[in-house]
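J.: Contents of final14.cif (mmCIF, C-alpha atoms) are below:
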data_model
loop_
_atom_site.group_PDB
_atom_site.id
_atom_site.type_symbol
_atom_site.label_atom_id
_atom_site.label_comp_id
_atom_site.auth_asym_id
_atom_site.auth_seq_id
_atom_site.Cartn_x
_atom_site.Cartn_y
_atom_site.Cartn_z
ATOM 1 C CA MET J 1 0.000 0.000 0.000
ATOM 2 C CA GLY J 2 1.249 3.464 -0.881
ATOM 3 C CA LEU J 3 0.236 5.311 2.312
ATOM 4 C CA TYR J 4 0.555 4.031 5.857
ATOM 5 C CA VAL J 5 -0.516 5.634 9.142
ATOM 6 C CA GLU J 6 -0.573 4.131 12.633
ATOM 7 C CA ALA J 7 -1.728 5.517 15.960
ATOM 8 C CA ARG J 8 -1.723 3.902 19.377
ATOM 9 C CA ILE J 9 -4.978 4.715 21.132
ATOM 10 C CA ARG J 10 -5.667 3.946 24.785
ATOM 11 C CA ALA J 11 -9.310 3.002 24.392
ATOM 12 C CA ASP J 12 -11.697 0.075 24.399
ATOM 13 C CA LEU J 13 -11.574 -1.925 21.175
ATOM 14 C CA ASP J 14 -15.367 -1.994 20.808
ATOM 15 C CA GLU J 15 -15.606 1.774 21.237
ATOM 16 C CA LEU J 16 -12.853 2.362 18.684
ATOM 17 C CA TRP J 17 -14.616 0.025 16.254
ATOM 18 C CA THR J 18 -17.902 1.900 16.687
ATOM 19 C CA ARG J 19 -16.430 5.345 16.137
ATOM 20 C CA THR J 20 -14.678 4.235 12.973
ATOM 21 C CA GLN J 21 -17.373 2.016 11.456
ATOM 22 C CA ASP J 22 -20.430 4.178 12.133
ATOM 23 C CA PRO J 23 -20.658 6.696 9.234
ATOM 24 C CA ALA J 24 -22.121 9.494 11.377
ATOM 25 C CA ARG J 25 -19.195 9.268 13.805
ATOM 26 C CA HIS J 26 -16.572 8.560 11.176
ATOM 27 C CA GLN J 27 -17.284 11.753 9.255
ATOM 28 C CA ARG J 28 -16.890 13.814 12.430
ATOM 29 C CA TRP J 29 -13.212 13.004 12.978
ATOM 30 C CA ASP J 30 -11.921 12.197 9.478
ATOM 31 C CA LEU J 31 -10.708 15.365 7.758
ATOM 32 C CA ARG J 32 -10.790 13.651 4.359
ATOM 33 C CA PHE J 33 -14.580 13.353 4.249
ATOM 34 C CA THR J 34 -17.448 15.791 4.658
ATOM 35 C CA GLU J 35 -20.186 13.175 4.441
ATOM 36 C CA ILE J 36 -20.365 9.377 4.546
ATOM 37 C CA THR J 37 -23.658 7.537 3.992
ATOM 38 C CA HIS J 38 -24.376 3.812 3.905
ATOM 39 C CA LEU J 39 -26.393 2.643 0.896
ATOM 40 C CA PRO J 40 -29.070 -0.081 1.040
ATOM 41 C CA ARG J 41 -27.770 -3.636 0.756
ATOM 42 C CA ALA J 42 -29.078 -7.171 0.764
ATOM 43 C CA GLU J 43 -28.330 -9.591 3.595
ATOM 44 C CA GLY J 44 -24.851 -11.088 3.302
ATOM 45 C CA GLU J 45 -23.571 -8.534 0.795
ATOM 46 C CA PRO J 46 -20.690 -6.126 1.477
ATOM 47 C CA GLN J 47 -21.712 -2.682 2.661
ATOM 48 C CA ARG J 48 -21.844 -0.044 -0.045
ATOM 49 C CA PHE J 49 -21.482 3.619 0.819
ATOM 50 C CA ARG J 50 -21.350 7.092 -0.665
ATOM 51 C CA TYR J 51 -18.753 9.644 0.388
ATOM 52 C CA ALA J 52 -18.378 13.338 -0.353
ATOM 53 C CA THR J 53 -15.627 15.864 0.254
ATOM 54 C CA ARG J 54 -16.152 19.617 0.106
ATOM 55 C CA VAL J 55 -13.102 20.938 -1.712
ATOM 56 C CA LEU J 56 -14.358 24.530 -2.020
ATOM 57 C CA PRO J 57 -17.478 26.270 -0.654
ATOM 58 C CA LEU J 58 -19.364 25.542 -3.898
ATOM 59 C CA LEU J 59 -17.506 22.409 -5.007
ATOM 60 C CA THR J 60 -18.137 18.947 -3.545
ATOM 61 C CA VAL J 61 -16.469 15.840 -4.938
ATOM 62 C CA ALA J 62 -18.360 12.587 -4.368
ATOM 63 C CA GLY J 63 -17.754 8.901 -4.924
ATOM 64 C CA THR J 64 -18.900 5.453 -3.896
ATOM 65 C CA GLY J 65 -17.275 2.535 -2.165
ATOM 66 C CA VAL J 66 -17.773 -0.951 -0.836
ATOM 67 C CA SER J 67 -16.493 -2.242 2.498
ATOM 68 C CA ALA J 68 -16.472 -5.364 4.633
ATOM 69 C CA GLY J 69 -15.229 -6.002 8.138
ATOM 70 C CA GLU J 70 -14.020 -8.940 10.209
ATOM 71 C CA ARG J 71 -15.017 -8.176 13.765
ATOM 72 C CA GLU J 72 -13.850 -11.421 15.322
ATOM 73 C CA ARG J 73 -10.550 -12.990 14.303
ATOM 74 C CA PRO J 74 -8.706 -15.876 15.971
ATOM 75 C CA ASP J 75 -5.781 -13.639 16.984
ATOM 76 C CA GLY J 76 -8.056 -11.047 18.609
ATOM 77 C CA THR J 77 -7.507 -8.399 15.945
ATOM 78 C CA ARG J 78 -10.139 -6.860 13.689
ATOM 79 C CA THR J 79 -9.956 -5.815 10.064
ATOM 80 C CA SER J 80 -11.963 -3.595 7.749
ATOM 81 C CA ALA J 81 -11.293 -3.401 4.009
ATOM 82 C CA LEU J 82 -12.715 -1.188 1.304
ATOM 83 C CA ARG J 83 -12.562 -0.231 -2.345
ATOM 84 C CA PHE J 84 -13.639 3.184 -3.562
ATOM 85 C CA ALA J 85 -13.960 5.212 -6.755
ATOM 86 C CA SER J 86 -15.027 8.678 -7.826
ATOM 87 C CA PRO J 87 -16.455 9.432 -11.291
ATOM 88 C CA HIS J 88 -16.238 13.183 -10.701
ATOM 89 C CA PRO J 89 -14.005 14.696 -13.435
ATOM 90 C CA LEU J 90 -12.457 17.162 -10.964
ATOM 91 C CA SER J 91 -11.454 14.433 -8.541
ATOM 92 C CA LEU J 92 -7.750 13.635 -8.837
ATOM 93 C CA LEU J 93 -8.464 10.326 -7.109
ATOM 94 C CA ALA J 94 -9.988 7.925 -9.642
ATOM 95 C CA GLU J 95 -10.154 4.675 -7.669
ATOM 96 C CA GLY J 96 -8.353 2.909 -4.872
ATOM 97 C CA SER J 97 -8.440 0.429 -2.025
ATOM 98 C CA GLY J 98 -7.347 0.209 1.572
ATOM 99 C CA TYR J 99 -7.803 -1.367 4.972
ATOM 100 C CA TRP J 100 -7.977 -0.634 8.673
ATOM 101 C CA ARG J 101 -6.491 -2.946 11.276
ATOM 102 C CA TYR J 102 -7.264 -2.950 14.983
ATOM 103 C CA VAL J 103 -4.541 -4.675 16.987
ATOM 104 C CA PRO J 104 -4.994 -4.924 20.803
ATOM 105 C CA ASP J 105 -1.807 -3.806 22.543
ATOM 106 C CA GLY J 106 -1.734 -3.802 26.340
ATOM 107 C CA ASP J 107 -4.084 -1.098 27.610
ATOM 108 C CA GLY J 108 -4.770 0.241 24.116
ATOM 109 C CA VAL J 109 -5.148 -0.544 20.439
ATOM 110 C CA ARG J 110 -2.792 -0.096 17.515
ATOM 111 C CA PHE J 111 -5.089 1.440 14.924
ATOM 112 C CA LEU J 112 -3.479 1.448 11.508
ATOM 113 C CA THR J 113 -4.330 1.921 7.873
ATOM 114 C CA GLY J 114 -2.737 1.238 4.539
ATOM 115 C CA TYR J 115 -4.215 2.437 1.271
ATOM 116 C CA ASP J 116 -3.364 3.377 -2.268
ATOM 117 C CA TYR J 117 -5.180 4.818 -5.253
ATOM 118 C CA ARG J 118 -4.846 5.591 -8.942
ATOM 119 C CA PRO J 119 -4.833 9.279 -9.898
ATOM 120 C CA ARG J 120 -6.456 10.548 -13.075
ATOM 121 C CA TRP J 121 -5.420 13.354 -15.483
ATOM 122 C CA GLY J 122 -2.535 11.388 -16.984
ATOM 123 C CA ALA J 123 1.043 12.585 -16.518
ATOM 124 C CA PHE J 124 -0.073 15.892 -14.995
ATOM 125 C CA GLY J 125 -2.210 14.068 -12.438
ATOM 126 C CA ALA J 126 0.635 11.710 -11.550
ATOM 127 C CA LEU J 127 2.985 14.651 -10.963
ATOM 128 C CA ALA J 128 0.413 16.640 -8.964
ATOM 129 C CA ASP J 129 -0.307 13.558 -6.878
ATOM 130 C CA ARG J 130 3.343 12.902 -6.120
ATOM 131 C CA LEU J 131 4.240 16.486 -5.237
ATOM 132 C CA VAL J 132 1.076 17.744 -3.545
ATOM 133 C CA PHE J 133 -1.936 15.471 -3.191
ATOM 134 C CA ARG J 134 -0.329 12.309 -1.798
ATOM 135 C CA PRO J 135 1.676 14.123 0.924
ATOM 136 C CA LEU J 136 -1.483 16.064 1.787
ATOM 137 C CA MET J 137 -3.526 12.855 2.037
ATOM 138 C CA GLY J 138 -0.912 11.270 4.278
ATOM 139 C CA TRP J 139 -0.891 14.307 6.553
ATOM 140 C CA ALA J 140 -4.719 14.510 6.657
ATOM 141 C CA THR J 141 -4.971 10.823 7.561
ATOM 142 C CA ALA J 142 -2.427 11.105 10.390
ATOM 143 C CA TRP J 143 -3.969 14.347 11.690
ATOM 144 C CA SER J 144 -7.409 12.694 11.685
ATOM 145 C CA PHE J 145 -6.127 9.623 13.542
ATOM 146 C CA ASP J 146 -4.728 11.845 16.291
ATOM 147 C CA ARG J 147 -8.008 13.755 16.379
ATOM 148 C CA LEU J 148 -9.781 10.442 16.916
ATOM 149 C CA ARG J 149 -7.292 9.564 19.668
ATOM 150 C CA LEU J 150 -8.071 12.788 21.536
ATOM 151 C CA TRP J 151 -11.778 12.039 21.281
ATOM 152 C CA LEU J 152 -11.391 8.560 22.751
ATOM 153 C CA GLU J 153 -8.653 9.207 25.310
ATOM 154 C CA ARG J 154 -9.461 12.695 26.574
ATOM 155 C CA GLY J 155 -13.085 13.255 25.591
ATOM 156 C CA ILE J 156 -12.180 16.181 23.304
ATOM 157 C CA THR J 157 -14.820 16.177 20.585
ATOM 158 C CA PRO J 158 -13.666 16.381 16.958
ATOM 159 C CA GLU J 159 -15.276 19.802 16.662
ATOM 160 C CA ARG J 160 -13.418 21.127 19.715
ATOM 161 C CA ALA J 161 -10.168 19.553 18.513
ATOM 162 C CA LEU J 162 -10.485 21.429 15.213
ATOM 163 C CA CYS J 163 -11.068 24.702 17.089
ATOM 164 C CA ASN J 164 -8.026 24.012 19.265
ATOM 165 C CA TRP J 165 -5.907 23.386 16.173
ATOM 166 C CA LEU J 166 -7.088 26.539 14.410
ATOM 167 C CA ALA J 167 -6.574 28.636 17.548
ATOM 168 C CA GLU J 168 -3.038 27.329 18.083
ATOM 169 C CA LEU J 169 -2.239 27.809 14.389
ATOM 170 C CA ALA J 170 -3.493 31.402 14.556
ATOM 171 C CA LEU J 171 -1.500 32.078 17.727
ATOM 172 C CA ARG J 172 1.702 30.769 16.165
ATOM 173 C CA ALA J 173 1.082 32.894 13.057
ATOM 174 C CA VAL J 174 0.561 36.012 15.197
ATOM 175 C CA VAL J 175 3.766 35.344 17.153
ATOM 176 C CA VAL J 176 5.743 34.956 13.923
ATOM 177 C CA ALA J 177 4.191 38.117 12.453
ATOM 178 C CA VAL J 178 4.903 40.158 15.586
ATOM 179 C CA ALA J 179 8.463 38.827 15.782
ATOM 180 C CA CYS J 180 9.151 39.684 12.148
ATOM 181 C CA THR J 181 7.706 43.157 12.695
ATOM 182 C CA GLY J 182 9.921 43.575 15.748
ATOM 183 C CA LEU J 183 13.035 43.219 13.618
ATOM 184 C CA GLY J 184 12.293 46.667 12.259
ATOM 185 C CA TRP J 185 12.842 48.232 15.713
ATOM 186 C CA GLU J 186 16.557 47.429 15.704
ATOM 187 C CA SER J 187 17.643 50.708 14.091
ATOM 188 C CA PHE J 188 15.272 52.748 16.261
ATOM 189 C CA LEU J 189 16.657 51.282 19.511
ATOM 190 C CA ARG J 190 20.224 52.171 18.551
ATOM 191 C CA LEU J 191 19.247 55.846 18.557
ATOM 192 C CA LEU J 192 18.011 55.780 22.172
ATOM 193 C CA GLY J 193 21.341 55.381 23.923
ATOM 194 C CA PRO J 194 23.977 52.771 24.880
ATOM 195 C CA PHE J 195 21.619 50.471 26.807
ATOM 196 C CA ALA J 196 18.981 50.492 24.090
ATOM 197 C CA ALA J 197 21.690 49.991 21.502
ATOM 198 C CA SER J 198 22.955 46.858 23.262
ATOM 199 C CA THR J 199 19.389 45.619 23.388
ATOM 200 C CA ALA J 200 19.088 46.255 19.672
ATOM 201 C CA TYR J 201 21.966 43.877 18.962
ATOM 202 C CA LEU J 202 20.309 41.131 21.017
ATOM 203 C CA LEU J 203 16.849 41.688 19.568
ATOM 204 C CA PRO J 204 17.353 39.737 16.309
ATOM 205 C CA LEU J 205 18.660 36.729 18.251
ATOM 206 C CA LEU J 206 15.763 36.798 20.710
ATOM 207 C CA LEU J 207 13.203 37.202 17.959
ATOM 208 C CA SER J 208 14.774 34.346 15.982
ATOM 209 C CA VAL J 209 14.376 32.091 19.016
ATOM 210 C CA VAL J 210 10.736 33.158 19.339
ATOM 211 C CA VAL J 211 10.080 32.397 15.668
ATOM 212 C CA CYS J 212 11.704 28.965 15.951
ATOM 213 C CA LEU J 213 9.588 28.139 18.999
ATOM 214 C CA ALA J 214 6.423 29.280 17.222
ATOM 215 C CA LEU J 215 7.207 27.189 14.152
ATOM 216 C CA PHE J 216 8.688 24.038 15.639
ATOM 217 C CA ALA J 217 7.517 23.664 19.248
ATOM 218 C CA SER J 218 5.428 20.564 19.950
ATOM 219 C CA PRO J 219 1.659 21.068 19.656
ATOM 220 C CA LEU J 220 -0.380 21.395 22.833
ATOM 221 C CA ALA J 221 -1.690 18.159 24.313
ATOM 222 C CA CYS J 222 -5.270 19.139 23.392
ATOM 223 C CA THR J 223 -4.392 19.839 19.744
ATOM 224 C CA PRO J 224 -4.344 17.080 17.095
ATOM 225 C CA ALA J 225 -1.033 16.649 15.295
ATOM 226 C CA ALA J 226 -0.013 14.361 12.452
ATOM 227 C CA ARG J 227 3.521 14.084 13.872
ATOM 228 C CA ARG J 228 2.246 11.897 16.725
ATOM 229 C CA CYS J 229 1.401 9.078 14.294
ATOM 230 C CA LEU J 230 3.720 6.528 12.743
ATOM 231 C CA ARG J 231 3.989 7.099 8.990
ATOM 232 C CA THR J 232 6.224 4.172 8.056
ATOM 233 C CA PRO J 233 5.235 0.548 8.710
ATOM 234 C CA PRO J 234 7.478 -1.203 11.278
ATOM 235 C CA ALA J 235 7.548 -4.220 8.957
ATOM 236 C CA ARG J 236 6.403 -4.955 5.428
ATOM 237 C CA ALA J 237 2.683 -4.211 5.384
ATOM 238 C CA ARG J 238 0.397 -6.565 3.500
ATOM 239 C CA ALA J 239 -3.175 -5.944 2.481
ATOM 240 C CA PRO J 240 -5.603 -8.340 4.216
ATOM 241 C CA ARG J 241 -7.144 -11.233 2.317
ATOM 242 C CA LEU J 242 -10.540 -9.678 2.940
ATOM 243 C CA LEU J 243 -9.693 -6.972 0.423
ATOM 244 C CA ARG J 244 -9.463 -9.530 -2.371
ATOM 245 C CA THR J 245 -13.116 -10.468 -1.901
ATOM 246 C CA LEU J 246 -14.350 -6.957 -2.660
ATOM 247 C CA GLU J 247 -15.206 -5.883 -6.187
ATOM 248 C CA SER J 248 -14.656 -2.362 -7.428
ATOM 249 C CA PRO J 249 -17.701 -0.121 -6.782
ATOM 250 C CA ARG J 250 -17.511 1.256 -10.324
#
Is it possible to give me this structure as structure tokens?
T.:
Amino acid sequence: MGLYVEARIRADLDELWTRTQDPARHQRWDLRFTEITHLPRAEGEPQRFRYATRVLPLLTVAGTGVSAGERERPDGTRTSALRFASPHPLSLLAEGSGYWRYVPDGDGVRFLTGYDYRPRWGAFGALADRLVFRPLMGWATAWSFDRLRLWLERGITPERALCNWLAELALRAVVVAVACTGLGWESFLRLLGPFAASTAYLLPLLLSVVVCLALFASPLACTPAARRCLRTPPARARAPRLLRTLESPR
């Protein structure tokens, strides 16, 4: 699989399963989707679903998928597999497949995903995917997994987690802007006397430290962050056999 993300979540396995398999809850924490809806199905058939992502205020890209899950496995793990496709001409993602694995680990669960897809738009689409879209999808997946972790571990709702992230992002941007503006006071301070002049020489160094802290300091504990997730599989990741049983939704 082309993309891999893993998070360790200290939560009950059944609760984690519910918040990832129920469409109404899934769409709350997953940044990649605006809406997920199950479609009618016959008994014994895989679950079909429709997903939509709002790219711009007046542009929504939609697609369909099919999924199946193994809730009880001999080794105590659980697996969910899916295939998806979007016929929308503005969707870079044409079709793909992936899986979720739930691996009990002490007092928590290793929740991991592997997925890949085929971009459209020919050579241009392949280049745009490699340089922009695929890194963005990897980041969005990891950020969403940590958002889910905060919901389960600390009771921070996905909506509140998003507000926390936006507020911290805005604060960091303000600190950087103020620090960069402060660099313009260096010449002014030198005119105020020896003490102010010595301060002027230290000001760029102090402001540089402030900027570095604003840009690179670890996120607050209540803020979701993609960096908290594992982005490389610890061993060679293989798609589950369950995925082979699913036909493309197209």
J.: Would you mind telling me which residue in J:Ser86, J:Thr181, J:Thr113, J:Ser208 lies nearest to Pro233 in chain J when using only C-alpha atoms?
T.: J:Thr113
J.: Excluding same-chain residues fewer than 6 positions from Leu31 in chain J, what lies within 8 Å of it counting only C-alpha atoms, as a list of chain:residue names?
T.: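 Once the nearby chain positions are removed, what remains is J:Ala140, J:Thr141, J:Trp143, J:Ser144.
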J.: So that I can check the surroundings of Gly122 in chain J, please list as a list in words every protein, DNA and RNA residue that reaches within 12 Å of it, counting only C-alpha atoms and ignoring chain neighbours fewer than 4 positions away.
T.: Leu92, Leu93, Ala94, Arg118, Ala126, Leu127, Ala128 and Asp129 of chain J
J.: Quick one: which residues end up in the PyMOL selection byres ((chain J and resi 221) around 12) for this structure, as an mmCIF file with C-alpha atoms, in the frame of the given file?
T.:
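Listed below is the output, out10.cif:
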data_model
loop_
_atom_site.group_PDB
_atom_site.id
_atom_site.type_symbol
_atom_site.label_atom_id
_atom_site.label_comp_id
_atom_site.auth_asym_id
_atom_site.auth_seq_id
_atom_site.Cartn_x
_atom_site.Cartn_y
_atom_site.Cartn_z
ATOM 1 C CA ASP J 146 -4.728 11.845 16.291
ATOM 2 C CA ARG J 147 -8.008 13.755 16.379
ATOM 3 C CA ARG J 149 -7.292 9.564 19.668
ATOM 4 C CA LEU J 150 -8.071 12.788 21.536
ATOM 5 C CA GLU J 153 -8.653 9.207 25.310
ATOM 6 C CA ARG J 154 -9.461 12.695 26.574
ATOM 7 C CA ILE J 156 -12.180 16.181 23.304
ATOM 8 C CA ALA J 161 -10.168 19.553 18.513
ATOM 9 C CA ASN J 164 -8.026 24.012 19.265
ATOM 10 C CA TRP J 165 -5.907 23.386 16.173
ATOM 11 C CA GLU J 168 -3.038 27.329 18.083
ATOM 12 C CA ALA J 217 7.517 23.664 19.248
ATOM 13 C CA SER J 218 5.428 20.564 19.950
ATOM 14 C CA PRO J 219 1.659 21.068 19.656
ATOM 15 C CA LEU J 220 -0.380 21.395 22.833
ATOM 16 C CA CYS J 222 -5.270 19.139 23.392
ATOM 17 C CA THR J 223 -4.392 19.839 19.744
ATOM 18 C CA PRO J 224 -4.344 17.080 17.095
ATOM 19 C CA ALA J 225 -1.033 16.649 15.295
ATOM 20 C CA ARG J 228 2.246 11.897 16.725
#
J.: Take CA of Leu148 in chain J and CA of Trp29 in chain J and report the distance between them in Å, one decimal.
T.: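 We find that CA of Leu148 in chain J and CA of Trp29 in chain J lie 5.8 Å from each other.
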J.: Once 8 Å is added on each side, what are the centre and the three edge lengths, in Å to one decimal, of the axis-aligned box enclosing the listed atoms of range 238-250 of chain J? Present them as AutoDock Vina command-line options.
T.:
--center_x -8.7 --center_y -5.0 --center_z -3.1 --size_x 34.1 --size_y 28.5 --size_z 30.5
J.: Between CA of Ala167 in chain J and CA of Leu215 in chain J, what is the distance in Å, rounded to a tenth?
T.: 14.3 Å
J.: Enter the distance from CA of Leu246 in chain J to CA of Arg101 in chain J, in Å, rounded to one decimal.
T.: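 We find that CA of Leu246 in chain J and CA of Arg101 in chain J lie 16.5 Å from each other.
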J.: Return as number ranges by chain the set of residues that the PyMOL selection byres ((chain J and resi 24) around 12) yields on the displayed structure.
T.: J: 18-23, 25-30, 33-38, 51
J.: I'd like to know which of J:Val5, J:Ala179, J:Leu59, J:Ala226 is closest to Leu112 in chain J, using all atoms listed in the file.
T.: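 That would be J:Val5, the residue with the smallest distance to Leu112 in chain J.
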J.: Give as JSON, numbers by chain the residues that the PyMOL selection byres ((chain J and resi 39) around 6) matches when applied to the coordinates above.
T.: {"J": [38, 40, 48, 49]}
J.: Pick the closest to Leu13 in chain J from J:Leu90, J:Leu152, J:Val55, J:Ala68: which is it, counting all atoms listed in the file?
T.: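 Once distances to Leu13 in chain J are computed over all atoms listed in the file, the minimum belongs to J:Leu152.
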J.: Which residues come within 6 Å of Gly108 in chain J, counting only C-alpha atoms, excluding same-chain residues fewer than 2 positions away, as a VMD selection string?
T.: chain J and resid 9 to 11 105 to 106
J.: Here is a test: counting only C-alpha atoms, which residue of J:Gly44, J:Pro240, J:Val178, J:Arg231 is nearest to Val210 in chain J?
T.: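 Among J:Gly44, J:Pro240, J:Val178, J:Arg231, it is J:Val178 that comes nearest to Val210 in chain J.
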J.: For Cys229 in chain J, which residue among J:Ala81, J:Pro87, J:Arg110, J:Gly63 is the nearest when counting all atoms listed in the file?
T.: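 Counting all atoms listed in the file, the residue closest to Cys229 in chain J is J:Arg110.
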J.: Where atoms are missing, can you supply N, CA and C atoms for range 84-111 of chain J and output the lot as a JSON list (two decimals), in the coordinates of the input?
T.:
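Output (result_18.json):
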[["chain", "number", "residue", "atom", "x", "y", "z"],
["J", 84, "PHE", "N", -12.89, 1.95, -3.33],
["J", 84, "PHE", "CA", -13.64, 3.18, -3.56],
["J", 84, "PHE", "C", -13.29, 3.75, -4.93],
["J", 85, "ALA", "N", -14.17, 4.59, -5.45],
["J", 85, "ALA", "CA", -13.96, 5.21, -6.76],
["J", 85, "ALA", "C", -14.80, 6.48, -6.85],
["J", 86, "SER", "N", -14.30, 7.43, -7.61],
["J", 86, "SER", "CA", -15.03, 8.68, -7.83],
["J", 86, "SER", "C", -15.10, 8.97, -9.32],
["J", 87, "PRO", "N", -16.31, 9.10, -9.87],
["J", 87, "PRO", "CA", -16.45, 9.43, -11.29],
["J", 87, "PRO", "C", -16.36, 10.92, -11.57],
["J", 88, "HIS", "N", -16.25, 11.73, -10.53],
["J", 88, "HIS", "CA", -16.24, 13.18, -10.70],
["J", 88, "HIS", "C", -14.99, 13.60, -11.50],
["J", 89, "PRO", "N", -15.16, 14.35, -12.59],
["J", 89, "PRO", "CA", -14.00, 14.70, -13.44],
["J", 89, "PRO", "C", -12.99, 15.59, -12.74],
["J", 90, "LEU", "N", -13.38, 16.30, -11.69],
["J", 90, "LEU", "CA", -12.46, 17.16, -10.96],
["J", 90, "LEU", "C", -11.78, 16.47, -9.80],
["J", 91, "SER", "N", -12.10, 15.19, -9.61],
["J", 91, "SER", "CA", -11.45, 14.43, -8.54],
["J", 91, "SER", "C", -10.15, 13.84, -9.06],
["J", 92, "LEU", "N", -9.03, 14.21, -8.44],
["J", 92, "LEU", "CA", -7.75, 13.64, -8.84],
["J", 92, "LEU", "C", -7.72, 12.14, -8.55],
["J", 93, "LEU", "N", -8.42, 11.73, -7.51],
["J", 93, "LEU", "CA", -8.46, 10.33, -7.11],
["J", 93, "LEU", "C", -9.51, 9.60, -7.95],
["J", 94, "ALA", "N", -9.07, 8.66, -8.77],
["J", 94, "ALA", "CA", -9.99, 7.92, -9.64],
["J", 94, "ALA", "C", -10.57, 6.71, -8.92],
["J", 95, "GLU", "N", -9.71, 5.85, -8.41],
["J", 95, "GLU", "CA", -10.15, 4.68, -7.67],
["J", 95, "GLU", "C", -9.02, 4.18, -6.80],
["J", 96, "GLY", "N", -9.38, 3.41, -5.76],
["J", 96, "GLY", "CA", -8.35, 2.91, -4.87],
["J", 96, "GLY", "C", -8.89, 1.86, -3.91],
["J", 97, "SER", "N", -8.05, 1.44, -3.01],
["J", 97, "SER", "CA", -8.44, 0.43, -2.02],
["J", 97, "SER", "C", -7.59, 0.62, -0.78],
["J", 98, "GLY", "N", -8.08, 0.07, 0.33],
["J", 98, "GLY", "CA", -7.35, 0.21, 1.57],
["J", 98, "GLY", "C", -7.92, -0.66, 2.67],
["J", 99, "TYR", "N", -7.35, -0.55, 3.84],
["J", 99, "TYR", "CA", -7.80, -1.37, 4.97],
["J", 99, "TYR", "C", -7.52, -0.64, 6.27],
["J", 100, "TRP", "N", -8.25, -1.03, 7.29],
["J", 100, "TRP", "CA", -7.98, -0.63, 8.67],
["J", 100, "TRP", "C", -7.71, -1.90, 9.46],
["J", 101, "ARG", "N", -6.75, -1.83, 10.37],
["J", 101, "ARG", "CA", -6.49, -2.95, 11.28],
["J", 101, "ARG", "C", -6.56, -2.43, 12.71],
["J", 102, "TYR", "N", -7.13, -3.26, 13.56],
["J", 102, "TYR", "CA", -7.26, -2.95, 14.98],
["J", 102, "TYR", "C", -6.52, -4.04, 15.74],
["J", 103, "VAL", "N", -5.40, -3.69, 16.33],
["J", 103, "VAL", "CA", -4.54, -4.68, 16.99],
["J", 103, "VAL", "C", -4.46, -4.35, 18.48],
["J", 104, "PRO", "N", -5.09, -5.17, 19.35],
["J", 104, "PRO", "CA", -4.99, -4.92, 20.80],
["J", 104, "PRO", "C", -3.54, -4.93, 21.25],
["J", 105, "ASP", "N", -3.19, -3.95, 22.11],
["J", 105, "ASP", "CA", -1.81, -3.81, 22.54],
["J", 105, "ASP", "C", -1.79, -3.29, 23.98],
["J", 106, "GLY", "N", -1.75, -4.20, 24.94],
["J", 106, "GLY", "CA", -1.73, -3.80, 26.34],
["J", 106, "GLY", "C", -3.02, -3.11, 26.73],
["J", 107, "ASP", "N", -2.90, -1.84, 27.19],
["J", 107, "ASP", "CA", -4.08, -1.10, 27.61],
["J", 107, "ASP", "C", -4.68, -0.26, 26.48],
["J", 108, "GLY", "N", -4.26, -0.53, 25.25],
["J", 108, "GLY", "CA", -4.77, 0.24, 24.12],
["J", 108, "GLY", "C", -4.89, -0.60, 22.85],
["J", 109, "VAL", "N", -4.99, 0.10, 21.74],
["J", 109, "VAL", "CA", -5.15, -0.54, 20.44],
["J", 109, "VAL", "C", -4.24, 0.14, 19.43],
["J", 110, "ARG", "N", -3.51, -0.64, 18.67],
["J", 110, "ARG", "CA", -2.79, -0.10, 17.52],
["J", 110, "ARG", "C", -3.78, 0.00, 16.36],
["J", 111, "PHE", "N", -4.14, 1.21, 16.01],
["J", 111, "PHE", "CA", -5.09, 1.44, 14.92],
["J", 111, "PHE", "C", -4.29, 1.92, 13.71]]
